[in-house]
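Pasted below: query_39.cif, mmCIF, C-alpha atoms.
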```
data_final
loop_
_atom_site.label_atom_id
_atom_site.label_comp_id
_atom_site.auth_asym_id
_atom_site.auth_seq_id
_atom_site.Cartn_x
_atom_site.Cartn_y
_atom_site.Cartn_z
CA MET A 1 5.27 -43.14 2.18
CA ASN A 2 7.41 -42.24 5.20
CA LYS A 3 6.52 -38.97 6.85
CA ILE A 4 8.89 -36.02 6.36
CA ASN A 5 10.27 -34.80 9.68
CA VAL A 6 10.07 -31.03 10.00
CA GLY A 7 11.55 -28.43 12.35
CA ILE A 8 10.59 -24.76 12.68
CA VAL A 9 12.99 -21.97 13.62
CA GLY A 10 11.31 -18.87 15.05
CA TYR A 11 7.93 -18.59 16.75
CA GLY A 12 6.50 -15.23 15.73
CA ASN A 13 3.46 -14.84 13.48
CA LEU A 14 4.97 -16.89 10.67
CA GLY A 15 6.36 -19.59 12.96
CA LYS A 16 2.96 -20.08 14.59
CA ALA A 17 1.29 -20.25 11.18
CA ALA A 18 3.90 -22.75 9.95
CA GLU A 19 3.26 -24.92 12.99
CA GLN A 20 -0.44 -25.18 12.14
CA ALA A 21 0.30 -25.84 8.46
CA VAL A 22 2.71 -28.67 9.22
CA LEU A 23 0.39 -30.23 11.80
CA ALA A 24 -2.47 -30.15 9.29
CA ASN A 25 -0.54 -32.19 6.68
CA LYS A 26 -0.66 -35.94 7.23
CA ASN A 27 2.57 -36.41 5.26
CA PHE A 28 4.63 -34.32 7.70
CA ASN A 29 5.77 -34.87 11.27
CA LEU A 30 6.57 -31.75 13.31
CA VAL A 31 9.52 -32.65 15.53
CA ALA A 32 10.35 -29.40 17.31
CA ILE A 33 10.30 -25.61 17.30
CA PHE A 34 13.54 -23.73 17.96
CA SER A 35 13.36 -20.27 19.49
CA ARG A 36 15.66 -17.73 21.13
CA ARG A 37 12.76 -16.78 23.41
CA LEU A 38 11.06 -18.78 26.14
CA VAL A 39 7.82 -19.72 24.39
CA CYS A 40 5.17 -22.40 24.67
CA SER A 41 3.15 -24.01 21.89
CA LYS A 42 -0.60 -24.16 22.32
CA PHE A 43 -0.46 -27.39 20.30
CA ASN A 44 2.08 -28.89 22.74
CA THR A 45 4.84 -29.04 20.12
CA LYS A 46 8.25 -29.47 21.73
CA VAL A 47 10.08 -26.13 21.96
CA GLU A 48 13.87 -26.08 22.19
CA PRO A 49 16.45 -23.27 22.56
CA TYR A 50 17.71 -22.09 19.19
CA ASN A 51 21.29 -23.30 19.74
CA SER A 52 20.17 -26.88 20.33
CA PHE A 53 19.27 -27.50 16.66
CA THR A 54 22.49 -29.48 16.15
CA ASP A 55 21.12 -32.13 18.52
CA TYR A 56 18.48 -32.98 15.90
CA VAL A 57 20.68 -33.75 12.90
CA THR A 58 19.36 -37.32 12.55
CA LYS A 59 15.81 -36.45 13.61
CA ILE A 60 14.78 -33.65 11.22
CA ASP A 61 14.71 -33.68 7.41
CA VAL A 62 13.71 -30.08 6.66
CA MET A 63 13.93 -26.85 8.66
CA LEU A 64 11.47 -24.01 8.02
CA LEU A 65 13.15 -20.72 8.93
CA CYS A 66 10.51 -18.22 10.04
CA GLY A 67 12.57 -15.28 11.27
CA GLY A 68 12.85 -11.83 9.73
CA SER A 69 15.01 -11.09 6.70
CA LYS A 70 16.71 -8.01 8.13
CA SER A 71 18.31 -9.56 11.22
CA ASP A 72 17.64 -13.31 11.29
CA LEU A 73 17.73 -15.15 7.98
CA GLU A 74 21.11 -13.93 6.73
CA ILE A 75 22.67 -15.33 9.91
CA GLN A 76 20.52 -18.39 10.62
CA THR A 77 20.31 -19.84 7.10
CA PRO A 78 24.06 -20.45 6.71
CA GLU A 79 24.28 -21.84 10.26
CA ILE A 80 21.43 -24.30 9.87
CA ALA A 81 22.10 -25.27 6.23
CA GLU A 82 25.35 -26.91 7.32
CA TYR A 83 23.23 -29.57 9.01
CA PHE A 84 19.79 -29.62 7.36
CA ASP A 85 17.80 -28.97 4.22
CA VAL A 86 16.26 -25.52 4.63
CA ILE A 87 13.38 -23.35 3.40
CA ASN A 88 13.36 -19.63 4.16
CA THR A 89 11.36 -16.56 3.15
CA PHE A 90 14.21 -14.08 2.63
CA ASP A 91 12.44 -11.09 1.07
CA THR A 92 15.01 -8.32 0.57
CA HIS A 93 14.65 -8.32 -3.22
CA LYS A 94 17.84 -6.38 -4.03
CA LYS A 95 20.01 -8.72 -1.95
CA ILE A 96 18.66 -12.01 -3.34
CA PRO A 97 21.40 -12.55 -6.01
CA THR A 98 24.21 -12.07 -3.48
CA GLU A 99 22.46 -14.19 -0.85
CA PHE A 100 21.79 -16.92 -3.42
CA ASN A 101 25.45 -17.20 -4.42
CA LYS A 102 26.53 -17.40 -0.78
CA LEU A 103 23.96 -20.06 0.11
CA ASN A 104 24.56 -22.10 -3.03
CA GLU A 105 28.22 -22.49 -2.05
CA ILE A 106 27.26 -23.52 1.49
CA ALA A 107 24.64 -26.02 0.31
CA LYS A 108 26.94 -27.60 -2.25
CA LYS A 109 29.64 -28.01 0.38
CA SER A 110 27.30 -29.50 3.00
CA LYS A 111 25.40 -31.53 0.36
CA HIS A 112 22.08 -30.04 1.37
CA ARG A 113 19.26 -28.17 -0.34
CA ILE A 114 18.16 -24.59 0.38
CA ILE A 115 14.99 -23.10 -1.08
CA MET A 116 15.25 -19.38 -0.37
CA SER A 117 12.83 -16.46 -0.77
CA CYS A 118 9.99 -18.97 -0.67
CA GLY A 119 6.95 -16.85 0.19
CA TRP A 120 4.35 -15.15 -1.94
CA ASP A 121 6.61 -12.26 -2.98
CA PRO A 122 9.34 -13.09 -3.56
CA GLY A 123 8.16 -16.62 -4.23
CA ILE A 124 5.12 -17.53 -6.27
CA PHE A 125 4.89 -13.95 -7.59
CA SER A 126 8.43 -14.45 -8.90
CA LEU A 127 7.12 -17.38 -10.95
CA ILE A 128 4.26 -15.30 -12.32
CA ARG A 129 6.57 -12.40 -13.22
CA ALA A 130 8.89 -14.81 -15.02
CA MET A 131 6.03 -16.27 -17.05
CA PHE A 132 4.65 -12.83 -17.92
CA MET A 133 8.11 -11.57 -18.92
CA ALA A 134 8.80 -14.61 -21.09
CA LEU A 135 5.52 -14.08 -22.94
CA SER A 136 5.72 -10.29 -23.31
CA ASN A 137 9.45 -9.54 -23.28
CA ASN A 138 8.55 -6.68 -20.91
CA ASN A 139 8.96 -6.25 -17.17
CA PRO A 140 5.61 -6.89 -15.47
CA ILE A 141 4.47 -4.48 -12.76
CA THR A 142 3.75 -5.66 -9.22
CA PHE A 143 1.54 -4.01 -6.62
CA TRP A 144 1.20 -5.02 -2.98
CA GLY A 145 -1.53 -4.23 -0.48
CA LYS A 146 -3.27 -2.79 1.16
CA GLY A 147 -1.96 -5.00 3.89
CA ILE A 148 0.51 -5.62 6.68
CA SER A 149 4.03 -6.37 5.55
CA MET A 150 5.64 -8.78 8.02
CA GLY A 151 9.18 -8.02 6.84
CA HIS A 152 8.82 -4.24 6.96
CA SER A 153 7.09 -4.38 10.35
CA ASP A 154 9.90 -6.55 11.71
CA ALA A 155 12.50 -4.10 10.38
CA ILE A 156 10.86 -1.27 12.35
CA ARG A 157 10.63 -3.33 15.54
CA ARG A 158 14.40 -3.91 15.39
CA ILE A 159 15.05 -0.19 15.94
CA SER A 160 16.23 0.72 19.44
CA GLY A 161 13.42 2.26 21.49
CA VAL A 162 10.56 0.77 19.45
CA ASP A 163 8.20 -1.14 21.75
CA ASP A 164 5.98 -2.39 18.93
CA ALA A 165 5.18 -1.46 15.34
CA VAL A 166 3.28 -2.43 12.24
CA GLN A 167 3.61 -1.28 8.63
CA PHE A 168 0.91 -1.18 5.97
CA THR A 169 1.84 -1.24 2.30
CA VAL A 170 -0.72 0.80 0.34
CA PRO A 171 -0.83 0.69 -3.48
CA ASN A 172 -1.28 3.88 -5.47
CA LYS A 173 -4.68 3.39 -7.12
CA GLU A 174 -3.86 5.76 -9.96
CA ALA A 175 -0.67 3.81 -10.64
CA ILE A 176 -2.65 0.55 -10.85
CA LYS A 177 -5.06 2.15 -13.30
CA ARG A 178 -2.20 3.42 -15.45
CA ALA A 179 -0.39 0.08 -15.32
CA LYS A 180 -3.45 -1.76 -16.62
CA SER A 181 -3.71 0.66 -19.53
CA GLY A 182 0.00 0.40 -20.28
CA THR A 183 0.65 4.10 -19.54
CA LEU A 184 2.38 4.02 -16.13
CA PRO A 185 5.16 6.64 -15.94
CA GLU A 186 8.46 5.42 -14.48
CA ASP A 187 8.53 8.21 -11.90
CA MET A 188 4.99 7.69 -10.53
CA PRO A 189 5.04 6.28 -6.96
CA ARG A 190 3.54 2.79 -6.93
CA HIS A 191 3.17 2.37 -3.17
CA PHE A 192 2.92 4.28 0.06
CA ARG A 193 4.32 3.01 3.37
CA GLU A 194 2.19 3.68 6.47
CA CYS A 195 4.07 2.97 9.71
CA TYR A 196 2.47 2.85 13.17
CA VAL A 197 4.85 2.82 16.12
CA VAL A 198 4.65 2.50 19.90
CA CYS A 199 7.56 4.16 21.72
CA LYS A 200 8.45 6.74 24.34
CA PRO A 201 7.73 10.31 23.12
CA LYS A 202 11.36 11.36 23.65
CA ASP A 203 12.49 8.79 21.04
CA SER A 204 9.91 9.55 18.35
CA ALA A 205 11.90 12.02 16.22
CA ARG A 206 14.96 9.77 16.11
CA ILE A 207 12.90 6.66 15.36
CA GLU A 208 11.00 8.37 12.54
CA ASN A 209 14.28 9.42 10.94
CA GLU A 210 15.74 5.92 11.29
CA ILE A 211 12.66 4.29 9.75
CA LYS A 212 12.69 6.58 6.72
CA ASN A 213 16.35 5.80 6.11
CA ILE A 214 16.32 1.98 6.34
CA PRO A 215 17.78 0.85 2.99
CA ASN A 216 15.81 -1.69 0.92
CA TYR A 217 12.72 -1.04 3.05
CA PHE A 218 11.79 2.66 3.32
CA LYS A 219 14.57 4.88 2.03
CA GLY A 220 13.46 6.70 -1.11
CA GLN A 221 9.83 5.63 -0.74
CA PRO A 222 6.81 7.75 0.27
CA THR A 223 6.61 6.91 3.99
CA THR A 224 4.52 8.24 6.85
CA VAL A 225 5.18 7.44 10.52
CA SER A 226 2.41 7.73 13.12
CA PHE A 227 2.94 7.21 16.85
CA VAL A 228 0.11 5.42 18.66
CA ASP A 229 -0.53 3.68 21.97
CA GLN A 230 -0.37 -0.09 22.39
CA ASN A 231 -4.15 -0.60 22.39
CA HIS A 232 -4.51 1.21 19.08
CA LEU A 233 -1.66 -0.82 17.60
CA LEU A 234 -3.21 -4.11 18.72
CA LYS A 235 -6.39 -3.18 16.86
CA LEU A 236 -4.37 -2.42 13.74
CA LYS A 237 -2.57 -5.78 14.03
CA SER A 238 -5.70 -7.80 14.75
CA LYS A 239 -6.20 -8.60 11.07
CA MET A 240 -3.26 -9.77 8.95
CA LEU A 241 -4.94 -9.44 5.56
CA HIS A 242 -2.92 -8.64 2.49
CA ARG A 243 -3.16 -8.73 -1.28
CA GLY A 244 -0.99 -8.43 -4.35
CA GLU A 245 -1.25 -8.13 -8.11
CA VAL A 246 1.06 -8.67 -11.10
CA ILE A 247 0.14 -6.81 -14.31
CA SER A 248 1.45 -6.97 -17.86
CA SER A 249 0.09 -5.10 -20.88
CA PHE A 250 1.74 -5.69 -24.26
CA LYS A 251 1.30 -6.38 -27.96
CA THR A 252 1.98 -9.69 -29.69
CA ALA A 253 3.97 -10.03 -32.91
CA GLY A 254 0.71 -9.63 -34.83
CA ASP A 255 0.22 -6.24 -33.14
CA SER A 256 -2.77 -7.43 -31.14
CA LYS A 257 -3.22 -6.25 -27.57
CA CYS A 258 -2.83 -8.65 -24.68
CA LYS A 259 -3.31 -8.06 -20.96
CA LEU A 260 -2.17 -10.44 -18.23
CA ASN A 261 -3.20 -10.16 -14.61
CA PHE A 262 -2.58 -12.33 -11.56
CA SER A 263 -3.93 -11.36 -8.15
CA VAL A 264 -4.05 -12.81 -4.67
CA TYR A 265 -6.14 -11.87 -1.65
CA MET A 266 -5.41 -13.41 1.74
CA ASP A 267 -7.16 -13.12 5.09
CA SER A 268 -3.87 -13.91 6.78
CA ASN A 269 -0.46 -13.07 5.36
CA PRO A 270 1.34 -15.47 7.78
CA ASN A 271 -1.05 -18.34 7.05
CA PHE A 272 -0.69 -17.98 3.28
CA THR A 273 3.10 -17.69 3.52
CA ALA A 274 3.22 -20.78 5.73
CA CYS A 275 1.06 -22.63 3.19
CA ILE A 276 3.64 -21.85 0.49
CA MET A 277 6.60 -22.89 2.65
CA THR A 278 5.05 -26.23 3.58
CA THR A 279 4.09 -26.92 -0.03
CA TYR A 280 7.76 -26.61 -0.98
CA ILE A 281 8.71 -29.29 1.55
CA ASN A 282 7.69 -31.71 -1.21
CA ALA A 283 10.16 -29.95 -3.53
CA ILE A 284 12.96 -30.58 -1.03
CA ALA A 285 12.00 -34.27 -0.93
CA ASN A 286 12.02 -34.50 -4.75
CA LEU A 287 15.38 -32.74 -5.02
CA LYS A 288 16.79 -35.11 -2.42
CA GLU A 289 15.36 -38.15 -4.22
CA ASN A 290 17.11 -36.99 -7.39
CA LYS A 291 20.36 -36.38 -5.48
CA VAL A 292 20.39 -32.66 -6.33
CA THR A 293 22.05 -30.22 -3.91
CA GLY A 294 22.52 -26.46 -3.81
CA ALA A 295 20.46 -23.31 -3.36
CA PHE A 296 17.23 -22.71 -5.28
CA THR A 297 14.53 -20.09 -5.62
CA ASN A 298 10.98 -20.78 -6.77
CA LEU A 299 12.17 -20.04 -10.31
CA ASP A 300 14.42 -23.10 -10.20
CA ILE A 301 11.89 -25.65 -8.96
CA PRO A 302 9.74 -27.61 -11.47
CA VAL A 303 6.07 -27.20 -10.58
CA SER A 304 5.67 -30.99 -10.55
CA TYR A 305 8.09 -31.08 -7.59
CA LEU A 306 5.44 -29.43 -5.42
CA PHE A 307 3.67 -32.77 -5.26
CA PRO A 308 4.89 -36.07 -3.82
CA SER A 309 6.70 -37.94 -6.59
CA LYS A 310 4.09 -40.70 -6.68
CA TYR A 311 1.53 -38.24 -8.12
CA LYS A 312 3.43 -37.51 -11.37
CA GLU A 313 1.16 -39.63 -13.56
CA THR A 314 -1.97 -38.21 -11.94
CA LEU A 315 -0.76 -34.65 -12.64
CA LEU A 316 -0.34 -35.41 -16.34
CA LYS A 317 -3.91 -36.73 -16.51
CA THR A 318 -5.62 -33.99 -14.53
CA LEU A 319 -3.64 -30.76 -15.08
CA CYS A 320 -2.23 -31.02 -18.60
#
```

Here is the file; what I need is its structure written in the form of structure tokens.
Amino acid sequence: MNKINVGIVGYGNLGKAAEQAVLANKNFNLVAIFSRRLVCSKFNTKVEPYNSFTDYVTKIDVMLLCGGSKSDLEIQTPEIAEYFDVINTFDTHKKIPTEFNKLNEIAKKSKHRIIMSCGWDPGIFSLIRAMFMALSNNNPITFWGKGISMGHSDAIRRISGVDDAVQFTVPNKEAIKRAKSGTLPEDMPRHFRECYVVCKPKDSARIENEIKNIPNYFKGQPTTVSFVDQNHLLKLKSKMLHRGEVISSFKTAGDSKCKLNFSVYMDSNPNFTACIMTTYINAIANLKENKVTGAFTNLDIPVSYLFPSKYKETLLKTLC
């Protein structure tokens, strides 16, 4: 089997994790990293300026877009999808339908494939929620944390005057307990947002107000903002652990109780997200082999497409 040639756009925490994930897979060949910053790879991967990606049209099969949802992916995905198959981790849940329609039109026109929102949530948690909903006919309940949210942290760092920041998503333990018993009130807060920011003291009041009013991230959610020095923040950021849980409690047609639960714990949020992105490179290859174009989420991809096509018979024998 010919190796799949891969490019990475963005070299923050996720980009660095994606680099290691691609290099670790013998079926992939990492061609280059594209960055707006002057960066160097400790693995000696070639690093190119972002705008030079068009020079690689015949050299790269799939681009992994590792920027932030708030300011990067909505701009970069349409630009790059004109030339390449693309996987991104767009995670602004409320904007996914609109973004999907826009990208589907672009991908159909360019005859490429885009797998969007391909992380753990949205992503594989979307698959679990869909399965739970199909079985129960009820909306499952999702909890995240405690852990660092890469997207929310990036959104804070984009604010003028913020030198550095990190955000922890903290689940409401009482809400989890009530969800598992099927008695969670609609108005009970499910999460708390803990923000830690490094900035000049004169900017702190403005920055706190801006954070609490970022739509789709903090506005309307219980949010605290603490201002710390850089050393303290580095300690907070030293571990990128995270976790999440999807819960469904319902009754079957025979009036018997049923409880469904899916949970994930990860030592490194970026490493786990990169693992998911690189797994879906096989899905791009299978879509291409079947001459299918357009935009897709994890809900649209057959699970068998996560494996190289030659393993189909083996999957039927071992997993069914």

For this session: Could you tell me which residues the PyMOL selection byres ((chain A and resi 121-123) around 8) grabs in this file, written as a VMD selection string?
Result: chain A and resid 89 to 91 93 117 to 120 124 to 127 297 to 298

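Checking A:Thr54, A:Asn27, A:Asn261, A:Gln167 one by one against Leu236 of chain A, counting all atoms listed in the file, you find the shortest gap at A:Gln167.
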
For this session: Just the residues within 12 Å of Glu74 of chain A, please, counting only C-alpha atoms, with nothing from its chain fewer than 6 positions along; format it as a count of residues only.
Result: 20

Exercise. Any idea what the distance is between atom CA of Phe53 of chain A and atom CA of Gly15 of chain A?
Worked result: 15.6 Å

Problem set entry | Residue IDs satisfying the PyMOL selection byres ((chain A and resi 181) around 12), as a PyMOL selection string | chain A and resi 141+174-180+182-185+247-250+257-261

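Computed from the coordinates, the atom CA of Asp85 of chain A to atom CA of Ala295 of chain A distance equals 9.8 Å.
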
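As for atom CA of Pro78 of chain A and atom CA of Phe28 of chain A, they are spaced 23.9 Å apart.
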
Exercise. From the set A:Thr142, A:Gln20, A:Asn282, A:Ser69, which residue has the shortest atom-to-atom contact distance to Lys3 of chain A, counting only C-alpha atoms?
Worked result: A:Asn282

Find the smallest box with edges along x, y and z containing every listed atom of segment 109-125 of chain A, then add 4 Å on each side and report centre and edge lengths in Å to one decimal, as lines of an AutoDock Vina configuration file.
```
center_x = 17.0
center_y = -21.9
center_z = -2.3
size_x = 33.3
size_y = 27.3
size_z = 18.6
```

Seminar exercise, completed: The residue from A:Phe262, A:Tyr196, A:Phe168, A:Tyr280 with the smallest atom-to-atom distance to Arg129 of chain A, counting only C-alpha atoms, is A:Phe262

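Contact shell of His191 of chain A at 12 Å (all atoms listed in the file; same-chain neighbours under 4 positions omitted): A:Ile141, A:Thr142, A:Phe143, A:Trp144, A:Gly145, A:Lys146, A:Gly147, A:Phe168, A:Thr169, A:Val170, A:Pro171, A:Asn172, A:Lys173, A:Glu174, A:Ala175, A:Ile176, A:Asp187, A:Tyr217, A:Phe218, A:Gly220, A:Gln221, A:Pro222, A:Thr223, A:Thr224, A:Gly244.
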
Name all residues at most 8 Å from segment 203-209 of chain A (count all atoms listed in the file; drop same-chain ones fewer than 2 positions away) and give them as a short mmCIF file (atom, residue, chain, number, x, y, z; two decimals) with C-alpha atoms, in the frame of the given file.
```cif
data_model
loop_
_atom_site.label_atom_id
_atom_site.label_comp_id
_atom_site.auth_asym_id
_atom_site.auth_seq_id
_atom_site.Cartn_x
_atom_site.Cartn_y
_atom_site.Cartn_z
CA ILE A 159 15.05 -0.19 15.94
CA SER A 160 16.23 0.72 19.44
CA GLY A 161 13.42 2.26 21.49
CA VAL A 162 10.56 0.77 19.45
CA CYS A 199 7.56 4.16 21.72
CA LYS A 200 8.45 6.74 24.34
CA PRO A 201 7.73 10.31 23.12
CA ILE A 211 12.66 4.29 9.75
CA LYS A 212 12.69 6.58 6.72
CA ASN A 213 16.35 5.80 6.11
CA VAL A 225 5.18 7.44 10.52
CA PHE A 227 2.94 7.21 16.85
#
```

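In this comparison, which uses all atoms listed in the file, the residue of A:Ser149, A:Ile214, A:Glu313, A:Val22 approaching His242 of chain A most closely is A:Ser149.
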
For this session: Given the file shown, enumerate the residues that the PyMOL selection byres ((chain A and resi 270-278) around 6) captures and present them as a ChimeraX atom specification.
Result: /A:14,17-18,119,268-269,279-281

Exercise. Quick one: residues within 12 Å of Arg37 of chain A, all atoms listed in the file counted, chain neighbours fewer than 5 positions away excluded, as a PyMOL selection string?
Worked result: chain A and resi 9-12+47-51

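Distance check against Asp300 of chain A using all atoms listed in the file: of A:Asn13, A:Ile114, A:Lys317, A:Asn231, the minimum falls on A:Ile114.
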
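With distances taken over all atoms listed in the file, A:Ile115 is the one residue among A:Ile115, A:Val57, A:Ala165, A:Leu30 lying closest to Thr77 of chain A.
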
Problem set entry | Shell of 10 Å around Thr293 of chain A, all atoms listed in the file, local chain residues under 5 positions omitted, as a ChimeraX atom specification | /A:85,104,107-114,284,287-288

Since the input lacks atoms, please generate N, CA, C and O atoms for segment 190-207 of chain A and provide them as a CSV table (one decimal), in the frame of the given file.
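Contents of result26.csv, freshly written:
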```csv
chain,number,residue,atom,x,y,z
A,190,ARG,N,4.4,3.9,-6.8
A,190,ARG,CA,3.5,2.8,-6.9
A,190,ARG,C,2.9,2.4,-5.6
A,190,ARG,O,1.9,1.8,-5.5
A,191,HIS,N,3.6,2.7,-4.5
A,191,HIS,CA,3.2,2.4,-3.2
A,191,HIS,C,3.4,3.5,-2.2
A,191,HIS,O,4.3,4.3,-2.4
A,192,PHE,N,2.7,3.4,-1.1
A,192,PHE,CA,2.9,4.3,0.1
A,192,PHE,C,3.1,3.4,1.3
A,192,PHE,O,2.5,2.3,1.4
A,193,ARG,N,4.0,3.8,2.2
A,193,ARG,CA,4.3,3.0,3.4
A,193,ARG,C,3.7,3.7,4.6
A,193,ARG,O,4.1,4.9,4.9
A,194,GLU,N,2.8,3.1,5.3
A,194,GLU,CA,2.2,3.7,6.5
A,194,GLU,C,2.7,2.9,7.7
A,194,GLU,O,2.4,1.7,7.8
A,195,CYS,N,3.5,3.6,8.5
A,195,CYS,CA,4.1,3.0,9.7
A,195,CYS,C,3.4,3.5,11.0
A,195,CYS,O,3.2,4.7,11.2
A,196,TYR,N,3.1,2.5,11.9
A,196,TYR,CA,2.5,2.8,13.2
A,196,TYR,C,3.4,2.3,14.3
A,196,TYR,O,3.7,1.1,14.3
A,197,VAL,N,3.8,3.2,15.2
A,197,VAL,CA,4.8,2.8,16.1
A,197,VAL,C,4.4,3.2,17.6
A,197,VAL,O,3.9,4.2,17.8
A,198,VAL,N,4.8,2.2,18.5
A,198,VAL,CA,4.6,2.5,19.9
A,198,VAL,C,6.0,2.7,20.5
A,198,VAL,O,6.9,1.9,20.3
A,199,CYS,N,6.3,3.9,21.1
A,199,CYS,CA,7.6,4.2,21.7
A,199,CYS,C,7.4,5.3,22.7
A,199,CYS,O,6.3,5.9,22.8
A,200,LYS,N,8.5,5.6,23.4
A,200,LYS,CA,8.4,6.7,24.3
A,200,LYS,C,8.5,8.0,23.5
A,200,LYS,O,9.3,8.1,22.5
A,201,PRO,N,7.8,9.1,23.9
A,201,PRO,CA,7.7,10.3,23.1
A,201,PRO,C,9.1,10.9,22.9
A,201,PRO,O,9.4,11.5,21.8
A,202,LYS,N,10.0,10.8,23.8
A,202,LYS,CA,11.4,11.4,23.6
A,202,LYS,C,12.1,10.7,22.5
A,202,LYS,O,13.1,11.3,22.0
A,203,ASP,N,11.8,9.5,22.1
A,203,ASP,CA,12.5,8.8,21.0
A,203,ASP,C,11.9,8.9,19.7
A,203,ASP,O,12.4,8.5,18.7
A,204,SER,N,10.7,9.6,19.6
A,204,SER,CA,9.9,9.6,18.4
A,204,SER,C,10.6,10.2,17.2
A,204,SER,O,10.6,9.6,16.1
A,205,ALA,N,11.2,11.3,17.4
A,205,ALA,CA,11.9,12.0,16.2
A,205,ALA,C,13.0,11.2,15.7
A,205,ALA,O,13.2,11.0,14.4
A,206,ARG,N,13.8,10.6,16.6
A,206,ARG,CA,15.0,9.8,16.1
A,206,ARG,C,14.5,8.5,15.4
A,206,ARG,O,15.0,8.1,14.3
A,207,ILE,N,13.4,7.9,15.9
A,207,ILE,CA,12.9,6.7,15.4
A,207,ILE,C,12.3,6.9,14.0
A,207,ILE,O,12.5,6.2,13.0
```
